[in-house]
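The structure appears below as structure tokens.
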Amino acid sequence: MNQDYIQAADWSIIEKGFDADRVKSSESLFSLGNGAMGQRNNFEEYYSGPTFQGSYIGGVYYPDKTRVGWWKNGYPEYFAKVLNSPSWIGINVKINGEQLDLFTCKKVENFQRELNMKEGWYMRSFVATMPNDIEVEVKATRFLSLVKDELGVINYEVTPLNANVEVEFSPYLDSGITNEDTNWEDQFWETLEVEAVNNRGFITSKTLKTEFHVCTFMHTELLLNNEKQNVDFSTEKEAQKVTFTYNFSVNKGEKVTLKKLGGYVKGMNHPNGNLIEATQDLLNEVESHSVEELLQEQADAWAQVWKMSDITIEGDVKAQQGIRFNIFQLNQTYSGKDARLNIGPKGFTGEKYGGSTYWDTEAYCLPFYMATKDQEIAKNLLAYRYNQLDKAIENAEKLGFTKGAALYPMVTMNGEESHNEWEITFEEIHRNGAIAYAIFNYHRFTGDFSYIPEKGLEVLIGIARFWQQRATFSTQKNKYVILGVTGPNEYENNVNNNWYTNYIAKWCIDYALENIDKVKTEFSSDYERISAKTNITSEELEKWKAVADQMYFPYSEEHGVFLQQDGFLDKEQTTVADLPKALRPINQHWSWDRILRSPFIKQADTLQGFYFFEEHFSKEELEKHFDFYEPFTVHESSLSPCVHSIQAAVLGRMEQAYEFYLRTSRLDLDDYNKEVEEGCHITSMAGTWMSIVEGFAGMRVRDGKLSFAPQLPKEWKGYSFKINFRNQILKVEVTEDNTNFTLDGNGSMTVLLNEKEVEVNSAVKI
């Protein structure tokens, strides 16, 4: 834990007291999104202190040309930048001609932020003493509509406390923005048109190179003591900005409010030439609604989300707050409405990492969306990869692979690899396995095999072809080996025979062969189509099988464990217990050379394989590998604590499982890795959900049935959650005394509880 200023609350994230050193961290933690757009929680009014300004639009990116000291064949041509988009939230505020700026105020008192996760809104309030000695009370409320996902709402209230004043509101749109980082200081946006019609402002702009067209808009109204005022205002249009200025006399104790509607209408959903017209239609639909009415609509929409995805925890407020924060951010980031979108590692909270899609989606996020949404939403995540199969084949061709071998990108927006670190781009190829595993996981959970003959088998064939070609036959070992890779543990690069990579490569080939046989037998017309398209032959399948059957796995007889890779035992076997706390995280204190030579593990690597393929190993084998590898693990990847929490729970080590749970659930709230100001770790938040559902509750799918082995952390009195399993909603409640199952509707479901069958009708208590 590196910060502890967030107040504990069941349904809210609350900060009390203004501290300029916390502003950037809070901008991340209080971020807002609705699946289509999002923003860091920057102040509406001008702020001269350190800040990270960021507003983002789903699916919009820029191909920032790769910058390296020397070029190597196969390097991605660009790094996909998540773009800071034109800003619509800005409201400059002057009191008696003095700029309101919290960084320069004489005093800031009663400062509070609240992110209400239950209803999906944010509120900030404070009393400020300005340099001119005027005291004002400010309350700003903001939300991004779940119902109309092009729309955001701001309600900005100012009340003078010690004098009658002149208040000047200057709401504006600004397309002259930049990213926090860029390789070449390129201009990402071109402003096409700046327009103002009555109290509505519009900026149409497009991204350079990718040519995404967007209309950024605002609609403004002034209210005094909640009554709408018809007042004159001035309009100023600049090359990249449009500003309205309202001047209004306000008596001491009176409340003046600026209502600002804003957001983005994008060419992905409307004709590029009609964006302003489409925006006018949206505003005509909503302008007559009060902020209170729009807030109620927002609360109702979030109530439907929480009805299915909430996890309740009794007796531990910080744990409850942590899981709801994670679930809230996941639902803000991806709604499933648009199959063109995906789940970026920072969501709408920052720009780091770039791209919208990592292997995180398939390995960590898919289970959450399968279990808490309609299965079609989960299928959209699979279809996203199918739609980019041609690009995956191109990616492999650039590296010399042939005949339809597919290498899915580590980082992507459109299917092309756009990660420009060689040890990731060329070597972290295990990501291919997560794509195949997601297809398996989807079928296992939903029982829906239709995706495989329709689309999935083509993906599996491309991936199997890659693994067969990537493997090398070692005459010394008389086995197939995979050389020069980076496993999930990115603190080791260019290693040979990473166990996890070799294991998932073998599994992918076996799984592809299994499904080829099944589709050929049971879906002959699909098989004929796929066979003709992929030119698959029996001779090629024999080559695949030879690689899978003779794959090499490094193993230590001395320790009785699979080795993370060849040479792991050559390293000095220093554990984390010997690592001074002052040197953590090591990636902020050590050179990369020192990290690579150390035995320290960034995240689950061999244990990632034991998580995916739990049924392939005994509990005793898991215990032996957990005891060997966890002491070397520094957990400096956000994806690490959740896997270890689940496995500690399997081993009955609930104290350790709970410790890992707190770390994953409050990773950002408590800033464990000293980096939350860069944005939140969105994809790993799905791992928090898994820590409870798969870890503490022990949920698995066994022979087409849900299976549970519930345990209760000693800090909790109970917990509950819902699962949408094959279109039936099962509620699970775990207490100190029993486990309760409740099934929605009039059907029935057979579940396994501690390996014993239980027939669930309306309510069963064990």
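Going through the structure tokens in order, the chains are called A, B, and so on, while each chain numbers its residues from 1 and the ligands are numbered from 1 in the order shown.
Selecting alpha helix (DSSP H) from the backbone DSSP output for segment 343-374 of chain A yields Asp360, Leu366, Pro367, Phe368, Tyr369, Met370, Ala371 and Thr372 of chain A.
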- Excluding Thr534 of chain A and residues on its chain fewer than 3 positions from it, collect all residues at most 10 Å away from it, counting only C-alpha atoms, and give them as a PyMOL selection string. chain A and resi 403-404+458+461-462+528-531+537
- Counting only C-alpha atoms, what is within 8 Å of segment 72-79 of chain A, bar same-chain residues fewer than 5 positions away, as number ranges by chain? A: 63-66, 354-355, 398-399, 417-420, 422, 425-426
Proximity check segment 293-398 of chain A to segment 432-449 of chain A, 12 Å, nearest pairs one decimal Å, only C-alpha atoms, as JSON lines:
{"residue": "A:Thr357", "atom": "CA", "partner": "A:Ile435", "partner_atom": "CA", "distance": 11.5}
{"residue": "A:Tyr358", "atom": "CA", "partner": "A:Ala434", "partner_atom": "CA", "distance": 9.9}
{"residue": "A:Trp359", "atom": "CA", "partner": "A:Ala434", "partner_atom": "CA", "distance": 6.2}
{"residue": "A:Asp360", "atom": "CA", "partner": "A:Ala434", "partner_atom": "CA", "distance": 8.4}
{"residue": "A:Thr361", "atom": "CA", "partner": "A:Ala434", "partner_atom": "CA", "distance": 8.8}
{"residue": "A:Glu362", "atom": "CA", "partner": "A:Ala438", "partner_atom": "CA", "distance": 5.3}
{"residue": "A:Ala363", "atom": "CA", "partner": "A:Ala434", "partner_atom": "CA", "distance": 5.7}
{"residue": "A:Tyr364", "atom": "CA", "partner": "A:Ala438", "partner_atom": "CA", "distance": 9.4}
{"residue": "A:Cys365", "atom": "CA", "partner": "A:Ala438", "partner_atom": "CA", "distance": 9.9}
{"residue": "A:Leu366", "atom": "CA", "partner": "A:Ala438", "partner_atom": "CA", "distance": 7.2}
{"residue": "A:Pro367", "atom": "CA", "partner": "A:Asn441", "partner_atom": "CA", "distance": 8.0}
{"residue": "A:Phe368", "atom": "CA", "partner": "A:Tyr442", "partner_atom": "CA", "distance": 11.3}
{"residue": "A:Tyr369", "atom": "CA", "partner": "A:Tyr442", "partner_atom": "CA", "distance": 10.4}
{"residue": "A:Met370", "atom": "CA", "partner": "A:Tyr442", "partner_atom": "CA", "distance": 7.5}
{"residue": "A:Ala371", "atom": "CA", "partner": "A:Phe445", "partner_atom": "CA", "distance": 8.5}
{"residue": "A:Lys373", "atom": "CA", "partner": "A:Thr446", "partner_atom": "CA", "distance": 11.6}
{"residue": "A:Asp374", "atom": "CA", "partner": "A:Thr446", "partner_atom": "CA", "distance": 10.1}
{"residue": "A:Gln375", "atom": "CA", "partner": "A:Thr446", "partner_atom": "CA", "distance": 7.1}
{"residue": "A:Glu376", "atom": "CA", "partner": "A:Thr446", "partner_atom": "CA", "distance": 10.1}
{"residue": "A:Ile377", "atom": "CA", "partner": "A:Tyr442", "partner_atom": "CA", "distance": 11.2}
{"residue": "A:Ala378", "atom": "CA", "partner": "A:Tyr442", "partner_atom": "CA", "distance": 7.7}
{"residue": "A:Lys379", "atom": "CA", "partner": "A:Tyr442", "partner_atom": "CA", "distance": 7.8}
{"residue": "A:Asn380", "atom": "CA", "partner": "A:Tyr442", "partner_atom": "CA", "distance": 11.1}
{"residue": "A:Leu381", "atom": "CA", "partner": "A:Ala438", "partner_atom": "CA", "distance": 9.2}
{"residue": "A:Leu382", "atom": "CA", "partner": "A:Ile439", "partner_atom": "CA", "distance": 7.0}
{"residue": "A:Ala383", "atom": "CA", "partner": "A:Ile439", "partner_atom": "CA", "distance": 10.0}
{"residue": "A:Tyr384", "atom": "CA", "partner": "A:Ile435", "partner_atom": "CA", "distance": 10.6}
{"residue": "A:Arg385", "atom": "CA", "partner": "A:Ile435", "partner_atom": "CA", "distance": 7.7}
{"residue": "A:Tyr386", "atom": "CA", "partner": "A:Ile435", "partner_atom": "CA", "distance": 9.8}
{"residue": "A:Gln388", "atom": "CA", "partner": "A:Ile435", "partner_atom": "CA", "distance": 11.7}
{"residue": "A:Leu389", "atom": "CA", "partner": "A:Ile435", "partner_atom": "CA", "distance": 11.0}
{"residue": "A:Ala392", "atom": "CA", "partner": "A:Asn432", "partner_atom": "CA", "distance": 9.7}
{"residue": "A:Ile393", "atom": "CA", "partner": "A:Asn432", "partner_atom": "CA", "distance": 11.8}
{"residue": "A:Asn395", "atom": "CA", "partner": "A:Asn432", "partner_atom": "CA", "distance": 11.9}
{"residue": "A:Ala396", "atom": "CA", "partner": "A:Asn432", "partner_atom": "CA", "distance": 11.2}
- Query: So which bits of segment 217-296 of chain A end up strand (DSSP E or B) when you DSSP the backbone, as a ChimeraX atom specification?
  - Reply: /A:217-224,227-229,234-238,241-250,256-266
Keeping only N, CA and C atoms, take the residues you just selected and write them out as a compact mmCIF listing (two decimals), in the first residue's frame.
# COMPACT_ATOMS: atom_id res chain seq x y z
N PHE A 217 -19.23 18.43 -28.88
CA PHE A 217 -20.32 19.41 -28.78
C PHE A 217 -20.57 19.84 -27.35
N MET A 218 -21.28 20.98 -27.24
CA MET A 218 -21.80 21.42 -25.95
C MET A 218 -23.12 22.17 -26.15
N HIS A 219 -23.93 22.08 -25.13
CA HIS A 219 -25.19 22.83 -25.04
C HIS A 219 -25.22 23.40 -23.63
N THR A 220 -25.42 24.71 -23.48
CA THR A 220 -25.31 25.33 -22.17
C THR A 220 -26.57 26.09 -21.78
N GLU A 221 -26.84 26.08 -20.49
CA GLU A 221 -27.96 26.85 -19.92
C GLU A 221 -27.52 27.42 -18.58
N LEU A 222 -28.07 28.60 -18.23
CA LEU A 222 -27.78 29.22 -16.94
C LEU A 222 -29.03 29.20 -16.07
N LEU A 223 -28.85 28.86 -14.78
CA LEU A 223 -29.96 28.81 -13.84
C LEU A 223 -29.59 29.61 -12.59
N LEU A 224 -30.56 30.30 -12.01
CA LEU A 224 -30.38 30.99 -10.73
C LEU A 224 -31.37 30.39 -9.75
N GLU A 227 -33.80 28.09 -11.28
CA GLU A 227 -34.72 28.60 -12.29
C GLU A 227 -33.93 29.01 -13.53
N LYS A 228 -34.36 28.54 -14.69
CA LYS A 228 -33.66 28.83 -15.93
C LYS A 228 -33.70 30.33 -16.22
N GLN A 229 -32.57 30.88 -16.64
CA GLN A 229 -32.44 32.30 -16.94
C GLN A 229 -32.20 32.51 -18.43
N SER A 234 -21.85 36.02 -24.83
CA SER A 234 -21.01 36.27 -26.00
C SER A 234 -20.44 34.96 -26.51
N THR A 235 -20.11 34.94 -27.79
CA THR A 235 -19.53 33.75 -28.42
C THR A 235 -18.21 34.13 -29.07
N GLU A 236 -17.19 33.35 -28.79
CA GLU A 236 -15.89 33.57 -29.41
C GLU A 236 -15.46 32.29 -30.10
N LYS A 237 -15.19 32.39 -31.38
CA LYS A 237 -14.72 31.24 -32.15
C LYS A 237 -13.27 31.46 -32.55
N GLU A 238 -12.44 30.44 -32.28
CA GLU A 238 -11.04 30.46 -32.68
C GLU A 238 -10.79 29.26 -33.58
N LYS A 241 -11.18 26.31 -31.08
CA LYS A 241 -11.88 26.51 -29.82
C LYS A 241 -13.14 27.33 -30.04
N VAL A 242 -14.16 27.02 -29.27
CA VAL A 242 -15.35 27.86 -29.24
C VAL A 242 -15.73 28.05 -27.78
N THR A 243 -16.00 29.31 -27.40
CA THR A 243 -16.27 29.66 -26.01
C THR A 243 -17.52 30.52 -25.92
N PHE A 244 -18.39 30.19 -25.00
CA PHE A 244 -19.52 31.04 -24.63
C PHE A 244 -19.17 31.71 -23.31
N THR A 245 -19.51 32.99 -23.14
CA THR A 245 -19.24 33.68 -21.88
C THR A 245 -20.52 34.30 -21.34
N TYR A 246 -20.88 33.88 -20.12
CA TYR A 246 -22.05 34.40 -19.41
C TYR A 246 -21.55 35.27 -18.26
N ASN A 247 -22.09 36.46 -18.10
CA ASN A 247 -21.82 37.30 -16.94
C ASN A 247 -23.12 37.50 -16.19
N PHE A 248 -23.06 37.32 -14.86
CA PHE A 248 -24.30 37.32 -14.10
C PHE A 248 -24.03 37.85 -12.69
N SER A 249 -24.89 38.75 -12.23
CA SER A 249 -24.78 39.28 -10.87
C SER A 249 -25.48 38.31 -9.91
N VAL A 250 -24.77 37.94 -8.86
CA VAL A 250 -25.29 36.96 -7.92
C VAL A 250 -25.16 37.51 -6.51
N VAL A 256 -25.91 30.11 -8.48
CA VAL A 256 -25.96 30.21 -9.93
C VAL A 256 -25.38 28.92 -10.50
N THR A 257 -26.05 28.37 -11.49
CA THR A 257 -25.70 27.04 -12.03
C THR A 257 -25.51 27.11 -13.53
N LEU A 258 -24.44 26.50 -13.99
CA LEU A 258 -24.28 26.28 -15.42
C LEU A 258 -24.56 24.81 -15.70
N LYS A 259 -25.54 24.55 -16.53
CA LYS A 259 -25.82 23.19 -17.01
C LYS A 259 -25.15 23.04 -18.37
N LYS A 260 -24.31 22.03 -18.48
CA LYS A 260 -23.58 21.83 -19.73
C LYS A 260 -23.76 20.39 -20.18
N LEU A 261 -24.36 20.22 -21.34
CA LEU A 261 -24.42 18.92 -22.00
C LEU A 261 -23.28 18.86 -23.01
N GLY A 262 -22.61 17.74 -23.10
CA GLY A 262 -21.51 17.63 -24.04
C GLY A 262 -21.22 16.19 -24.38
N GLY A 263 -20.22 16.00 -25.21
CA GLY A 263 -19.85 14.65 -25.58
C GLY A 263 -19.34 14.56 -27.00
N TYR A 264 -19.46 13.36 -27.57
CA TYR A 264 -18.91 13.09 -28.89
C TYR A 264 -19.92 12.33 -29.75
N VAL A 265 -20.09 12.80 -30.97
CA VAL A 265 -20.82 12.06 -31.99
C VAL A 265 -19.80 11.71 -33.06
N LYS A 266 -19.63 10.42 -33.35
CA LYS A 266 -18.49 10.02 -34.17
C LYS A 266 -18.92 9.37 -35.49
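Take the candidates A:Thr159, A:Ser524, A:Gln565, A:Thr742 and check each one against Glu454 of chain A using only C-alpha atoms; the shortest distance goes to A:Ser524.
You can rank A:Gln39, A:Asp605, A:Gly120, A:Phe612 by their closest distance to Gln304 of chain A using only C-alpha atoms, and at the top of that list sits A:Gly120.
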- Query: Hey, what's within 10 Å of Thr104 of chain A if we count only C-alpha atoms and toss same-chain stuff fewer than 6 positions away? As JSON, numbers by chain, please?
  - Reply: {"A": [47, 48, 49, 129, 130, 131]}
Neighbouring residues of segment 87-103 of chain A were defined as those with any atom within 6 Å, considering only C-alpha atoms; residues of the same chain fewer than 5 positions away were excluded. Please report them as a compact mmCIF listing (two decimals) with all heavy atoms, in the first residue's frame.
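Contents of part31.txt, freshly written:
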# COMPACT_ATOMS: atom_id res chain seq x y z
N GLU A 44 -13.35 20.82 -13.94
CA GLU A 44 -13.99 21.58 -15.01
C GLU A 44 -13.37 22.96 -15.14
O GLU A 44 -13.12 23.45 -16.24
CB GLU A 44 -15.50 21.72 -14.73
CG GLU A 44 -16.29 20.42 -14.82
CD GLU A 44 -16.29 19.64 -13.52
OE1 GLU A 44 -15.67 20.09 -12.52
OE2 GLU A 44 -16.91 18.56 -13.50
N GLU A 45 -13.13 23.62 -13.99
CA GLU A 45 -12.55 24.96 -14.02
C GLU A 45 -11.04 24.88 -14.26
O GLU A 45 -10.43 23.81 -14.12
CB GLU A 45 -12.84 25.71 -12.72
CG GLU A 45 -12.03 25.27 -11.50
CD GLU A 45 -12.60 24.05 -10.79
OE1 GLU A 45 -13.65 23.53 -11.22
OE2 GLU A 45 -12.00 23.63 -9.78
N TYR A 46 -10.45 26.01 -14.56
CA TYR A 46 -9.02 26.09 -14.83
C TYR A 46 -8.23 25.63 -13.60
O TYR A 46 -8.58 25.94 -12.46
CB TYR A 46 -8.63 27.52 -15.20
CG TYR A 46 -7.15 27.73 -15.40
CD1 TYR A 46 -6.52 27.28 -16.56
CD2 TYR A 46 -6.38 28.37 -14.42
CE1 TYR A 46 -5.16 27.47 -16.75
CE2 TYR A 46 -5.02 28.56 -14.60
CZ TYR A 46 -4.42 28.10 -15.77
OH TYR A 46 -3.06 28.28 -15.95
N TYR A 47 -7.15 24.88 -13.86
CA TYR A 47 -6.29 24.43 -12.77
C TYR A 47 -4.84 24.54 -13.24
O TYR A 47 -4.45 23.94 -14.24
CB TYR A 47 -6.61 22.98 -12.39
CG TYR A 47 -5.80 22.47 -11.22
CD1 TYR A 47 -6.00 22.98 -9.95
CD2 TYR A 47 -4.83 21.49 -11.40
CE1 TYR A 47 -5.25 22.53 -8.87
CE2 TYR A 47 -4.08 21.02 -10.33
CZ TYR A 47 -4.29 21.54 -9.06
OH TYR A 47 -3.55 21.10 -7.99
N GLY A 49 -2.13 23.73 -11.42
CA GLY A 49 -1.24 22.77 -10.80
C GLY A 49 -0.99 21.56 -11.68
O GLY A 49 -1.52 21.44 -12.80
N VAL A 165 -21.52 39.24 -5.86
CA VAL A 165 -20.42 39.14 -6.82
C VAL A 165 -20.93 39.13 -8.25
O VAL A 165 -22.12 38.90 -8.51
CB VAL A 165 -19.58 37.86 -6.57
CG1 VAL A 165 -18.98 37.86 -5.19
CG2 VAL A 165 -20.42 36.61 -6.80
N GLU A 166 -19.97 39.34 -9.16
CA GLU A 166 -20.19 39.11 -10.58
C GLU A 166 -19.54 37.76 -10.93
O GLU A 166 -18.34 37.57 -10.71
CB GLU A 166 -19.56 40.21 -11.42
CG GLU A 166 -20.23 41.56 -11.31
CD GLU A 166 -21.62 41.57 -11.93
OE1 GLU A 166 -21.80 40.91 -12.99
OE2 GLU A 166 -22.52 42.20 -11.37
N VAL A 167 -20.35 36.84 -11.40
CA VAL A 167 -19.85 35.53 -11.80
C VAL A 167 -19.76 35.48 -13.31
O VAL A 167 -20.71 35.85 -14.01
CB VAL A 167 -20.76 34.40 -11.28
CG1 VAL A 167 -20.28 33.05 -11.82
CG2 VAL A 167 -20.79 34.37 -9.77
N GLU A 168 -18.60 35.01 -13.80
CA GLU A 168 -18.41 34.82 -15.24
C GLU A 168 -18.16 33.34 -15.49
O GLU A 168 -17.19 32.78 -15.00
CB GLU A 168 -17.25 35.65 -15.75
CG GLU A 168 -17.00 35.49 -17.25
CD GLU A 168 -15.83 36.33 -17.73
OE1 GLU A 168 -15.98 37.58 -17.75
OE2 GLU A 168 -14.77 35.74 -18.07
N PHE A 169 -19.07 32.71 -16.24
CA PHE A 169 -18.89 31.34 -16.70
C PHE A 169 -18.47 31.38 -18.15
O PHE A 169 -19.13 32.04 -18.97
CB PHE A 169 -20.18 30.54 -16.61
CG PHE A 169 -20.58 30.10 -15.23
CD1 PHE A 169 -21.88 30.29 -14.78
CD2 PHE A 169 -19.68 29.46 -14.40
CE1 PHE A 169 -22.26 29.87 -13.52
CE2 PHE A 169 -20.06 29.03 -13.14
CZ PHE A 169 -21.35 29.24 -12.69
N SER A 170 -17.40 30.64 -18.49
CA SER A 170 -16.97 30.55 -19.89
C SER A 170 -16.82 29.08 -20.27
O SER A 170 -15.71 28.53 -20.30
CB SER A 170 -15.65 31.29 -20.10
OG SER A 170 -15.80 32.67 -19.89
N PRO A 171 -17.93 28.41 -20.58
CA PRO A 171 -17.84 27.03 -21.05
C PRO A 171 -17.24 27.00 -22.46
O PRO A 171 -17.53 27.89 -23.28
CB PRO A 171 -19.29 26.56 -21.05
CG PRO A 171 -20.09 27.81 -21.20
CD PRO A 171 -19.32 28.90 -20.50
N TYR A 172 -16.43 25.99 -22.73
CA TYR A 172 -15.76 25.97 -24.02
C TYR A 172 -15.54 24.54 -24.51
O TYR A 172 -15.62 23.57 -23.74
CB TYR A 172 -14.41 26.70 -23.96
CG TYR A 172 -13.41 26.08 -23.01
CD1 TYR A 172 -12.53 25.07 -23.43
CD2 TYR A 172 -13.33 26.51 -21.68
CE1 TYR A 172 -11.61 24.51 -22.56
CE2 TYR A 172 -12.40 25.95 -20.80
CZ TYR A 172 -11.56 24.95 -21.25
OH TYR A 172 -10.65 24.39 -20.38
N LEU A 173 -15.27 24.43 -25.80
CA LEU A 173 -14.77 23.22 -26.45
C LEU A 173 -13.37 23.53 -26.96
O LEU A 173 -13.12 24.63 -27.45
CB LEU A 173 -15.65 22.80 -27.63
CG LEU A 173 -17.14 22.59 -27.38
CD1 LEU A 173 -17.85 22.30 -28.71
CD2 LEU A 173 -17.38 21.46 -26.40
N ASP A 174 -12.48 22.55 -26.90
CA ASP A 174 -11.10 22.79 -27.30
C ASP A 174 -10.55 21.56 -28.02
O ASP A 174 -10.47 20.48 -27.44
CB ASP A 174 -10.25 23.10 -26.07
CG ASP A 174 -8.80 23.44 -26.42
OD1 ASP A 174 -8.49 23.59 -27.62
OD2 ASP A 174 -7.99 23.55 -25.48
N GLY A 262 -22.61 17.74 -23.10
CA GLY A 262 -21.51 17.63 -24.04
C GLY A 262 -21.22 16.19 -24.38
O GLY A 262 -21.89 15.26 -23.90
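Of note, atom CA of Phe401 of chain A and atom CA of Thr606 of chain A are spaced 26.8 Å apart.
Here the question is which of A:Arg470, A:Lys506, A:Arg40, A:Lys518 gets nearest to Asp549 of chain A using only C-alpha atoms, and that residue is A:Lys506.
Here atom CA of Leu730 of chain A is placed at a distance of 4.7 Å from atom CA of Leu743 of chain A.
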- Task: Mind checking which residues fall within 8 Å of Ile14 of chain A, counting only C-alpha atoms, ignoring those fewer than 2 positions away in the same chain, and posting them as a list of chain:residue names?
- Result: A:Ile6, A:Gln7, A:Ala8, A:Ala9, A:Ser12, A:Lys16, A:Gln112, A:Arg113, A:Glu114, A:Leu115
C-alpha atoms of the current selection, written as a JSON list (two decimals), in the first residue's frame:
[["chain", "number", "residue", "atom", "x", "y", "z"],
["A", 6, "ILE", "CA", -9.78, 7.03, -0.07],
["A", 7, "GLN", "CA", -12.55, 6.83, 2.54],
["A", 8, "ALA", "CA", -14.08, 3.40, 3.12],
["A", 9, "ALA", "CA", -17.65, 3.18, 1.83],
["A", 12, "SER", "CA", -18.76, 5.22, -3.19],
["A", 16, "LYS", "CA", -11.87, 14.44, 1.67],
["A", 112, "GLN", "CA", -14.80, 16.40, -1.16],
["A", 113, "ARG", "CA", -15.06, 14.17, -4.20],
["A", 114, "GLU", "CA", -17.48, 11.29, -4.48],
["A", 115, "LEU", "CA", -17.79, 8.71, -7.23]]
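From atom CA of Tyr491 of chain A back to atom CA of Ser598 of chain A, the distance works out to 8.2 Å.
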- Would you kindly return, as a ChimeraX atom specification, each protein, DNA or RNA residue with an atom no farther than 8 Å from any atom of Trp121 of chain A, considering only C-alpha atoms and excluding same-chain residues fewer than 6 positions away? /A:115,141-144,295
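Nearest to Ala512 of chain A of all the residues A:Gly745, A:Ala319, A:Arg465, A:Gly487 is A:Arg465, based on only C-alpha atoms.
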